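The file run15.cif contains mmCIF, C-alpha atoms and all ligand atoms:
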```
data_start
#
loop_
_atom_site.label_atom_id
_atom_site.label_comp_id
_atom_site.auth_asym_id
_atom_site.auth_seq_id
_atom_site.Cartn_x
_atom_site.Cartn_y
_atom_site.Cartn_z
CA MET A 10 75.55 50.84 64.84
CA GLN A 11 77.55 53.90 65.62
CA PHE A 12 74.45 55.53 67.04
CA LEU A 13 73.75 52.54 69.21
CA THR A 14 77.24 52.61 70.76
CA PHE A 15 76.83 56.28 71.46
CA ALA A 16 73.43 55.80 73.02
CA LEU A 17 74.72 53.00 75.23
CA ALA A 18 77.68 55.06 76.35
CA LEU A 19 75.34 57.85 77.35
CA ALA A 20 72.79 55.63 78.97
CA ALA A 21 75.17 53.68 81.16
CA PRO A 22 76.30 56.45 83.56
CA ILE A 23 72.85 57.97 83.65
CA ALA A 24 71.28 54.68 84.58
CA ALA A 25 73.84 54.21 87.33
CA LEU A 26 72.71 57.35 89.16
CA PRO A 27 69.15 57.59 90.42
CA ALA A 28 67.50 60.70 89.04
CA ALA A 29 68.19 64.08 90.70
CA GLN A 30 70.11 62.81 93.68
CA SER A 31 72.26 65.37 95.52
CA PRO A 32 75.34 63.87 97.03
CA ARG A 33 75.47 63.77 100.80
CA PRO A 34 78.18 66.26 101.86
CA LEU A 35 81.38 64.60 102.93
CA GLU A 36 82.43 65.37 106.47
CA ASP A 37 84.37 68.60 107.00
CA PRO A 38 87.82 67.67 108.33
CA VAL A 39 88.00 70.94 110.29
CA LYS A 40 86.98 70.55 113.93
CA SER A 41 86.99 73.39 116.42
CA PRO A 42 88.96 72.77 119.60
CA PHE A 43 86.53 75.11 121.46
CA PRO A 44 82.74 75.37 121.30
CA ILE A 45 81.32 77.78 118.73
CA HIS A 46 77.78 79.14 119.12
CA HIS A 47 75.15 78.50 116.46
CA SER A 48 74.94 82.24 115.90
CA CYS A 49 78.06 81.82 113.77
CA ASN A 50 77.12 80.93 110.22
CA ALA A 51 78.87 78.31 108.13
CA THR A 52 81.78 80.46 106.97
CA GLU A 53 82.25 82.06 110.39
CA GLN A 54 82.24 78.67 112.11
CA ARG A 55 84.79 77.31 109.70
CA GLN A 56 87.08 80.37 109.84
CA LEU A 57 86.90 80.42 113.61
CA ALA A 58 87.54 76.69 113.91
CA ILE A 59 90.64 76.99 111.72
CA ALA A 60 91.89 80.00 113.70
CA LEU A 61 91.32 78.27 117.05
CA GLN A 62 93.18 75.24 115.78
CA GLU A 63 96.04 77.59 114.88
CA THR A 64 95.96 78.87 118.47
CA VAL A 65 96.42 75.31 119.68
CA ASP A 66 99.26 74.78 117.17
CA LEU A 67 100.96 78.00 118.27
CA VAL A 68 100.93 77.15 121.97
CA SER A 69 101.79 73.51 121.35
CA HIS A 70 104.99 74.67 119.78
CA ALA A 71 105.68 77.13 122.61
CA LYS A 72 105.19 74.38 125.18
CA THR A 73 107.45 72.02 123.27
CA HIS A 74 110.16 74.69 123.09
CA ILE A 75 110.07 75.22 126.86
CA LEU A 76 109.98 71.50 127.65
CA ARG A 77 113.01 70.96 125.42
CA TRP A 78 115.11 73.98 126.40
CA GLY A 79 113.72 75.49 129.58
CA ASN A 80 115.80 78.45 130.68
CA GLU A 81 118.68 77.33 128.47
CA SER A 82 116.75 79.02 125.69
CA SER A 83 117.78 82.65 125.28
CA ILE A 84 114.25 83.34 124.06
CA TYR A 85 112.89 81.82 127.26
CA ARG A 86 115.10 84.08 129.39
CA LYS A 87 114.25 87.11 127.26
CA TYR A 88 110.55 86.79 128.11
CA PHE A 89 110.47 84.96 131.43
CA GLY A 90 113.71 86.06 133.09
CA ASP A 91 114.86 83.60 135.72
CA ARG A 92 111.38 82.39 136.59
CA PRO A 93 110.74 78.63 136.74
CA SER A 94 109.05 77.27 133.64
CA LEU A 95 106.18 75.31 135.19
CA THR A 96 103.65 78.15 135.13
CA ALA A 97 104.21 78.99 131.48
CA ILE A 98 104.07 75.31 130.51
CA GLY A 99 100.74 75.04 132.32
CA ALA A 100 99.40 78.23 130.76
CA TYR A 101 100.04 76.74 127.33
CA ASP A 102 98.93 73.24 128.20
CA ILE A 103 95.50 74.30 129.42
CA ILE A 104 94.82 75.67 125.94
CA ILE A 105 95.79 72.32 124.41
CA ASN A 106 94.35 69.88 126.94
CA GLY A 107 92.00 71.87 129.16
CA ASN A 108 88.29 71.20 129.50
CA ALA A 109 86.69 73.42 126.88
CA ASP A 110 83.09 72.95 128.04
CA ASN A 111 82.78 76.28 129.84
CA ILE A 112 83.92 78.35 126.91
CA LEU A 113 81.86 79.77 124.11
CA PHE A 114 82.67 81.85 121.06
CA ARG A 115 79.69 83.58 119.52
CA CYS A 116 78.96 85.76 116.53
CA ASP A 117 75.64 87.48 117.28
CA ASN A 118 76.88 90.66 118.93
CA PRO A 119 74.61 90.39 122.01
CA ASP A 120 76.10 93.44 123.75
CA GLY A 121 76.17 95.63 120.68
CA ASN A 122 79.88 96.30 120.95
CA CYS A 123 80.63 95.09 117.43
CA ALA A 124 78.98 98.26 116.17
CA LEU A 125 81.81 100.26 117.69
CA ASP A 126 84.37 101.32 115.15
CA GLY A 127 87.41 99.07 115.03
CA TRP A 128 86.14 96.39 117.40
CA ALA A 129 87.10 92.89 116.38
CA GLY A 130 85.61 91.13 119.38
CA HIS A 131 85.31 91.25 123.15
CA TRP A 132 85.00 89.20 126.27
CA ARG A 133 81.47 89.55 127.66
CA GLY A 134 82.66 90.25 131.18
CA ALA A 135 79.90 90.44 133.78
CA ASN A 136 77.24 89.84 131.10
CA ALA A 137 78.43 86.29 130.44
CA THR A 138 81.79 85.53 131.89
CA ASP A 139 82.40 82.35 129.87
CA GLU A 140 81.62 83.95 126.53
CA THR A 141 83.55 85.86 123.94
CA VAL A 142 82.05 87.62 120.98
CA ILE A 143 83.97 87.64 117.72
CA CYS A 144 82.92 90.55 115.52
CA GLU A 145 82.84 90.64 111.72
CA LEU A 146 86.07 92.63 111.55
CA SER A 147 88.03 89.63 112.84
CA TYR A 148 86.93 87.50 109.90
CA GLU A 149 88.25 90.15 107.54
CA VAL A 150 91.57 91.26 109.01
CA ARG A 151 93.07 88.66 111.35
CA ARG A 152 95.92 86.81 109.67
CA SER A 153 96.87 83.16 109.48
CA LEU A 154 100.06 81.94 111.12
CA SER A 155 101.29 81.03 107.65
CA THR A 156 102.05 84.74 107.21
CA VAL A 157 104.27 85.09 110.31
CA CYS A 158 107.45 86.98 109.29
CA GLY A 159 105.75 87.98 106.03
CA LEU A 160 103.89 91.10 104.91
CA GLY A 161 106.04 93.36 107.09
CA TYR A 162 105.36 91.54 110.36
CA THR A 163 108.06 91.62 113.01
CA ILE A 164 107.84 90.48 116.61
CA SER A 165 109.04 93.77 118.07
CA GLU A 166 107.19 96.23 115.84
CA SER A 167 103.85 94.58 115.14
CA GLU A 168 100.86 93.94 117.35
CA THR A 169 100.38 90.44 118.74
CA ASN A 170 96.84 90.50 117.40
CA THR A 171 98.13 90.68 113.83
CA PHE A 172 97.50 86.94 113.90
CA TRP A 173 94.20 85.44 114.77
CA ALA A 174 95.89 82.62 116.68
CA SER A 175 97.53 84.97 119.18
CA ASP A 176 94.49 87.26 119.30
CA LEU A 177 92.34 84.28 120.27
CA LEU A 178 94.95 83.16 122.79
CA HIS A 179 94.56 86.54 124.50
CA ARG A 180 90.78 86.18 124.42
CA LEU A 181 90.98 82.66 125.84
CA TYR A 182 93.08 83.85 128.78
CA HIS A 183 90.25 86.23 129.72
CA MET A 184 87.89 83.30 130.13
CA PRO A 185 87.92 82.17 133.78
CA ALA A 186 88.04 78.49 132.79
CA ILE A 187 91.36 79.12 131.06
CA GLY A 188 93.06 82.15 132.63
CA GLN A 189 91.70 81.35 136.12
CA GLY A 190 92.30 84.96 137.08
CA LEU A 191 96.01 84.15 137.14
CA VAL A 192 96.89 84.97 133.56
CA GLU A 193 96.28 88.68 133.47
CA HIS A 194 97.68 91.94 132.11
CA TYR A 195 100.83 93.09 133.86
CA ALA A 196 102.63 94.54 130.88
CA ASP A 197 101.60 96.13 127.63
CA GLY A 198 103.46 95.84 124.35
CA TYR A 199 106.86 94.44 123.45
CA GLU A 200 108.94 96.83 125.57
CA GLY A 201 106.68 96.39 128.56
CA VAL A 202 106.94 92.64 128.37
CA LEU A 203 110.74 92.74 128.18
CA GLU A 204 110.90 95.04 131.20
CA LEU A 205 108.81 92.60 133.19
CA ALA A 206 111.27 89.80 132.38
CA GLU A 207 114.36 91.89 133.12
CA GLY A 208 113.17 92.57 136.61
CA ASN A 209 112.68 88.81 137.05
CA ARG A 210 109.15 89.62 138.09
CA THR A 211 107.06 86.64 138.97
CA GLU A 212 104.25 88.05 136.80
CA ALA A 213 106.20 87.38 133.62
CA VAL A 214 105.22 83.70 133.56
CA HIS A 215 101.51 84.51 133.83
CA ASP A 216 101.30 87.69 131.82
CA SER A 217 98.93 87.43 128.88
CA GLU A 218 101.08 89.54 126.56
CA THR A 219 104.30 87.76 127.52
CA LEU A 220 102.74 84.39 126.73
CA GLN A 221 101.64 85.69 123.32
CA TYR A 222 104.99 87.27 122.43
CA PHE A 223 106.99 84.24 123.51
CA ALA A 224 104.77 81.87 121.52
CA LEU A 225 105.07 84.03 118.40
CA GLU A 226 108.81 84.50 118.71
CA VAL A 227 109.66 80.82 119.15
CA TYR A 228 107.25 79.96 116.33
CA ALA A 229 109.03 82.45 114.06
CA TYR A 230 112.46 81.26 115.19
CA ASP A 231 111.92 77.49 115.20
CA VAL A 232 109.31 77.02 112.51
CA VAL A 233 108.98 79.90 110.08
CA VAL A 234 112.56 81.09 109.48
CA PRO A 235 114.54 78.43 111.34
CA GLY A 236 117.34 79.82 113.48
CA VAL A 237 116.56 83.38 112.42
CA GLY A 238 112.97 84.35 113.17
CA CYS A 239 111.86 87.95 112.68
CA VAL A 240 112.40 90.02 115.81
CA GLY A 241 112.73 93.19 113.74
CA GLY A 242 113.55 96.63 115.07
CA ASP A 243 117.28 96.96 115.53
CA GLU A 244 117.38 93.15 115.84
CA GLU A 245 118.93 93.55 119.25
CA GLU A 246 118.56 90.11 120.59
CA THR A 247 117.76 88.34 123.77
CA SER A 248 120.62 89.02 126.15
CA ASP A 249 121.30 92.59 125.03
CA ASP A 250 119.28 94.74 127.34
CA GLN A 251 120.97 98.12 127.03
CA ASN A 252 118.33 100.12 125.25
CA GLU A 253 114.96 98.87 126.41
CA GLU A 254 114.28 102.22 128.02
CA THR A 255 113.74 104.15 124.80
CA GLY A 256 110.79 102.25 123.44
CA GLU A 257 107.23 103.30 123.77
CA THR A 258 104.48 100.96 122.77
CA PRO A 259 103.37 102.20 119.40
CA VAL A 260 99.65 102.82 119.21
CA GLU A 261 98.92 101.96 115.64
CA ASP A 262 95.22 101.48 115.58
CA GLN A 263 93.62 104.90 115.21
CA ASP A 264 90.14 103.45 115.44
CA ASP A 265 90.64 102.49 119.06
CA GLU A 266 91.05 106.09 120.11
CA ASP A 267 87.62 106.94 118.79
CA THR A 268 85.92 104.29 120.87
CA GLU A 269 87.25 105.34 124.26
CA GLU A 270 84.10 107.15 125.34
CA ASP A 271 81.80 104.27 124.36
CA ILE A 272 83.23 101.58 126.57
CA PRO A 273 81.42 100.27 129.64
CA GLU A 274 82.44 101.64 133.03
CA ASN A 275 84.16 98.51 134.29
CA CYS A 276 86.09 98.01 131.09
CA HIS A 277 89.00 99.48 129.22
CA THR A 278 90.62 98.96 125.89
CA HIS A 279 94.28 98.63 125.18
CA GLU A 280 96.51 97.95 122.24
CA GLY A 281 94.66 96.45 119.35
CA GLY A 282 91.27 97.53 120.62
CA GLU A 283 90.42 94.62 122.87
CA LEU A 284 87.97 95.26 125.61
CA HIS A 285 89.03 94.25 129.08
CA CYS A 286 86.45 94.16 131.80
CA THR A 287 86.89 93.54 135.48
C1 LIG B 1 78.21 84.65 107.26
O1 LIG B 1 78.10 85.96 107.76
C2 LIG B 1 79.03 86.88 107.24
C3 LIG B 1 78.82 88.19 107.97
O2 LIG B 1 77.51 88.63 107.91
C4 LIG B 1 78.85 86.99 105.74
O3 LIG B 1 79.80 87.87 105.21
C5 LIG B 1 78.98 85.63 105.11
O4 LIG B 1 78.73 85.71 103.73
C6 LIG B 1 78.03 84.66 105.76
N1 LIG B 1 78.26 83.32 105.23
C7 LIG B 1 77.27 82.55 104.76
C8 LIG B 1 77.66 81.21 104.25
O5 LIG B 1 76.12 82.93 104.74
C1 LIG B 2 117.65 77.71 135.23
O1 LIG B 2 116.84 76.77 135.92
C2 LIG B 2 117.52 76.06 136.92
C3 LIG B 2 116.55 75.08 137.53
O2 LIG B 2 115.90 74.36 136.55
C4 LIG B 2 118.06 77.01 137.97
O3 LIG B 2 118.82 76.29 138.92
C5 LIG B 2 118.93 78.08 137.31
O4 LIG B 2 119.30 79.05 138.26
C6 LIG B 2 118.17 78.74 136.18
N1 LIG B 2 119.05 79.69 135.48
C7 LIG B 2 118.68 80.94 135.17
C8 LIG B 2 119.68 81.75 134.43
O5 LIG B 2 117.58 81.39 135.44
C1 LIG B 3 76.72 94.20 129.09
O1 LIG B 3 75.41 94.49 128.68
C2 LIG B 3 75.06 95.87 128.81
C3 LIG B 3 73.60 96.00 128.45
O2 LIG B 3 73.33 95.40 127.21
C4 LIG B 3 75.97 96.68 127.89
O3 LIG B 3 75.68 98.04 128.01
C5 LIG B 3 77.42 96.44 128.28
O4 LIG B 3 78.26 97.11 127.38
C6 LIG B 3 77.71 94.96 128.24
N1 LIG B 3 79.05 94.69 128.72
C7 LIG B 3 80.01 94.23 127.91
C8 LIG B 3 81.31 93.93 128.54
O5 LIG B 3 79.84 94.05 126.73
C1 LIG B 4 117.47 88.33 136.82
O1 LIG B 4 118.00 87.02 136.84
C2 LIG B 4 119.18 86.87 136.06
C3 LIG B 4 119.56 85.40 136.07
O2 LIG B 4 119.55 84.89 137.38
C4 LIG B 4 120.29 87.78 136.62
O3 LIG B 4 121.44 87.67 135.80
C5 LIG B 4 119.81 89.20 136.62
O4 LIG B 4 120.75 90.04 137.22
C6 LIG B 4 118.47 89.32 137.36
N1 LIG B 4 117.96 90.70 137.23
C7 LIG B 4 117.48 91.40 138.24
C8 LIG B 4 117.00 92.77 137.92
O5 LIG B 4 117.40 90.94 139.37
ZN ZN B 5 93.11 91.51 127.59
#
```
Output the structure of this file as structure tokens.
Ligand SMILES: *[C@@H]1O[C@H](CO)[C@@H](O)[C@H](O)[C@H]1NC(C)=O
Ligand SMILES: *[C@@H]1O[C@H](CO)[C@@H](O)[C@H](O)[C@H]1NC(C)=O
Ligand SMILES: *[C@@H]1O[C@H](CO)[C@@H](O)[C@H](O)[C@H]1NC(C)=O
Ligand SMILES: *[C@@H]1O[C@H](CO)[C@@H](O)[C@H](O)[C@H]1NC(C)=O
Ligand SMILES: [Zn+2]
Amino acid sequence: MQFLTFALALAAPIAALPAAQSPRPLEDPVKSPFPIHHSCNATEQRQLAIALQETVDLVSHAKTHILRWGNESSIYRKYFGDRPSLTAIGAYDIIINGNADNILFRCDNPDGNCALDGWAGHWRGANATDETVICELSYEVRRSLSTVCGLGYTISESETNTFWASDLLHRLYHMPAIGQGLVEHYADGYEGVLELAEGNRTEAVHDSETLQYFALEVYAYDVVVPGVGCVGGDEEETSDDQNEETGETPVEDQDDEDTEEDIPENCHTHEGGELHCT
């Protein structure tokens, strides 16, 4: 009797499942906002999709901050001076709502640049102007936005490419479909970006670095440590512009120095080791 109950209990669930059936995988909730090439394997596709979604989240917040505060925001004025806000709003919005068809992220290292020491990715320039290669290093070292203001990161003393979201934002601006040749490099590093804004230069609102720094700073200030953020350095804030002169952009990434002689003729690297080609 006891045996029979036991046997029935065992038999019931087994009978309910046809023999040796593997469950059909449930759908992955992660969707990439930009096309990812099949050369990226499953983990790379998923990591990249999550990082690109973080890029969209980062700029969505930046756009919201500008729409709400405009130049009333001291952070706005710190990065964009007295320039009208329309250009920066558009530069963020095209990341969120732009047509992503002519953009491709790939993982197969077609130009061989990923072999260069310290390279985390590159725009393909003349070889394929709508394509960006993301090298293995990115999957290892680029950080999630959840670590903004943590692990020693400060806005003023850390590289913008500490986070994958801002690194990918920079890479997206190099793609003609997004940057349209308007978002370019006019300033390098935190001090350079602040100088651009102080002079009320029109370039501030379409400078690639400025757009990254602003997005990170308002994210830190509004979202991560509300009302405080993590500017770092001497914490001199927005309207205090006495000692901008002293700063030099720290070059932290030793590896980049080694690669100087290997870069293509029409290209150059700058902070963080990105390749920029004309
Ligand atoms: C994808 O490729 C990377 C780099 O070669 C590797 O580390 C990772 O294990 C691969 N993932 C899968 C699921 O094969
Ligand atoms: C702020 O923007 C308004 C127009 O929206 C403009 O009239 C004003 O001069 C700007 N102020 C500063 C400090 O740039
Ligand atoms: C374009 O391709 C050539 C030949 O493979 C290569 O030498 C060059 O570095 C590539 N350019 C970029 C920007 O990767
Ligand atoms: C930039 O614009 C602000 C606000 O209008 C003004 O206070 C400041 O003097 C301007 N700076 C320069 C260098 O023109
Ligand atoms: Zn660049």
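The shortest atom-to-atom distance to Glu204 in chain A, with all atoms listed in the file taken into account, belongs to A:Thr219 out of A:Ala124, A:His179, A:Val150, A:Thr219.
Closest to Glu145 in chain A among A:His215, A:Arg133, A:Arg115, A:Arg180 is A:Arg115, based on all atoms listed in the file.
Minimum atom-to-atom distance to Leu220 in chain A, evaluated using all atoms listed in the file, belongs to A:Ala97 out of A:Ala174, A:Ala135, A:Ile112, A:Ala97.
Interatomic distance, CA of Cys144 in chain A against CA of Cys123 in chain A: 5.4 Å.
Interatomic distance, CA of Cys158 in chain A to CA of Val237 in chain A: 10.3 Å.
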Cut-off 6 Å, only C-alpha atoms and all ligand atoms, neighbours of ligand LIG 4 (chain B) as a PyMOL selection string: chain A and resi 90-91+207-209
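Residues within 8 Å of range 67-79 of chain A, counting all atoms listed in the file and excluding same-chain residues fewer than 2 positions away, are Glu63, Thr64, Val65, Glu81, Ser82, Tyr85, Ser94, Ala97, Ile98, Tyr101, Asp102, Ile104, Ile105, Ala174, Ser175, Phe223, Ala224, Leu225, Val227 and Tyr228 of chain A.
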Go ahead and save the residues from that selection, with C-alpha atoms, as an mmCIF file, keeping the file's coordinate frame.
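Written file, again-v5.cif:
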```
data_model
loop_
_atom_site.group_PDB
_atom_site.id
_atom_site.type_symbol
_atom_site.label_atom_id
_atom_site.label_comp_id
_atom_site.auth_asym_id
_atom_site.auth_seq_id
_atom_site.Cartn_x
_atom_site.Cartn_y
_atom_site.Cartn_z
ATOM 1 C CA GLU A 63 96.040 77.590 114.880
ATOM 2 C CA THR A 64 95.960 78.870 118.470
ATOM 3 C CA VAL A 65 96.420 75.310 119.680
ATOM 4 C CA GLU A 81 118.680 77.330 128.470
ATOM 5 C CA SER A 82 116.750 79.020 125.690
ATOM 6 C CA TYR A 85 112.890 81.820 127.260
ATOM 7 C CA SER A 94 109.050 77.270 133.640
ATOM 8 C CA ALA A 97 104.210 78.990 131.480
ATOM 9 C CA ILE A 98 104.070 75.310 130.510
ATOM 10 C CA TYR A 101 100.040 76.740 127.330
ATOM 11 C CA ASP A 102 98.930 73.240 128.200
ATOM 12 C CA ILE A 104 94.820 75.670 125.940
ATOM 13 C CA ILE A 105 95.790 72.320 124.410
ATOM 14 C CA ALA A 174 95.890 82.620 116.680
ATOM 15 C CA SER A 175 97.530 84.970 119.180
ATOM 16 C CA PHE A 223 106.990 84.240 123.510
ATOM 17 C CA ALA A 224 104.770 81.870 121.520
ATOM 18 C CA LEU A 225 105.070 84.030 118.400
ATOM 19 C CA VAL A 227 109.660 80.820 119.150
ATOM 20 C CA TYR A 228 107.250 79.960 116.330
#
```
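Taking only C-alpha atoms and all ligand atoms into account, the residues that come within 12 Å of ligand LIG 1 (chain B) are His47, Ser48, Cys49, Asn50, Ala51, Thr52, Glu53, Gln54, Arg55, Gln56, Leu57, Cys116, Asp117, Asn118, Cys123, Ile143, Cys144, Glu145, Leu146, Ser147, Tyr148 and Glu149 of chain A.
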Would you mind listing the residues within 6 Å of ligand LIG 3 (chain B), counting all atoms listed in the file, as a PyMOL selection string? chain A and resi 120+133-134+136+273
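Atom pair CA of Gly107 in chain A / CA of Asp176 in chain A: separated by 18.4 Å.
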Between A:Val39, A:Ala137, A:Ala206, A:Ile103, which is the closest to ligand LIG 2 (chain B) once you count all atoms listed in the file? A:Ala206
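The closest residue to ligand ZN 5 (chain B), picked from A:Gly236, A:Pro119, A:Gly188, A:Pro38 and counting all atoms listed in the file, is A:Gly188.
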Restricting the calculation to all atoms listed in the file: of A:Pro235, A:Gly161, A:Pro185, A:Gly99, which residue gets closest to Trp132 in chain A? A:Pro185
Work out where the centre of an axis-aligned box around every listed atom of ligand LIG 2 (chain B) lies and how long its edges are once 8 Å is added on each side; give both in Å to one decimal as lines of an AutoDock Vina configuration file.
```
center_x = 117.8
center_y = 78.1
center_z = 136.7
size_x = 19.8
size_y = 23.4
size_z = 20.5
```
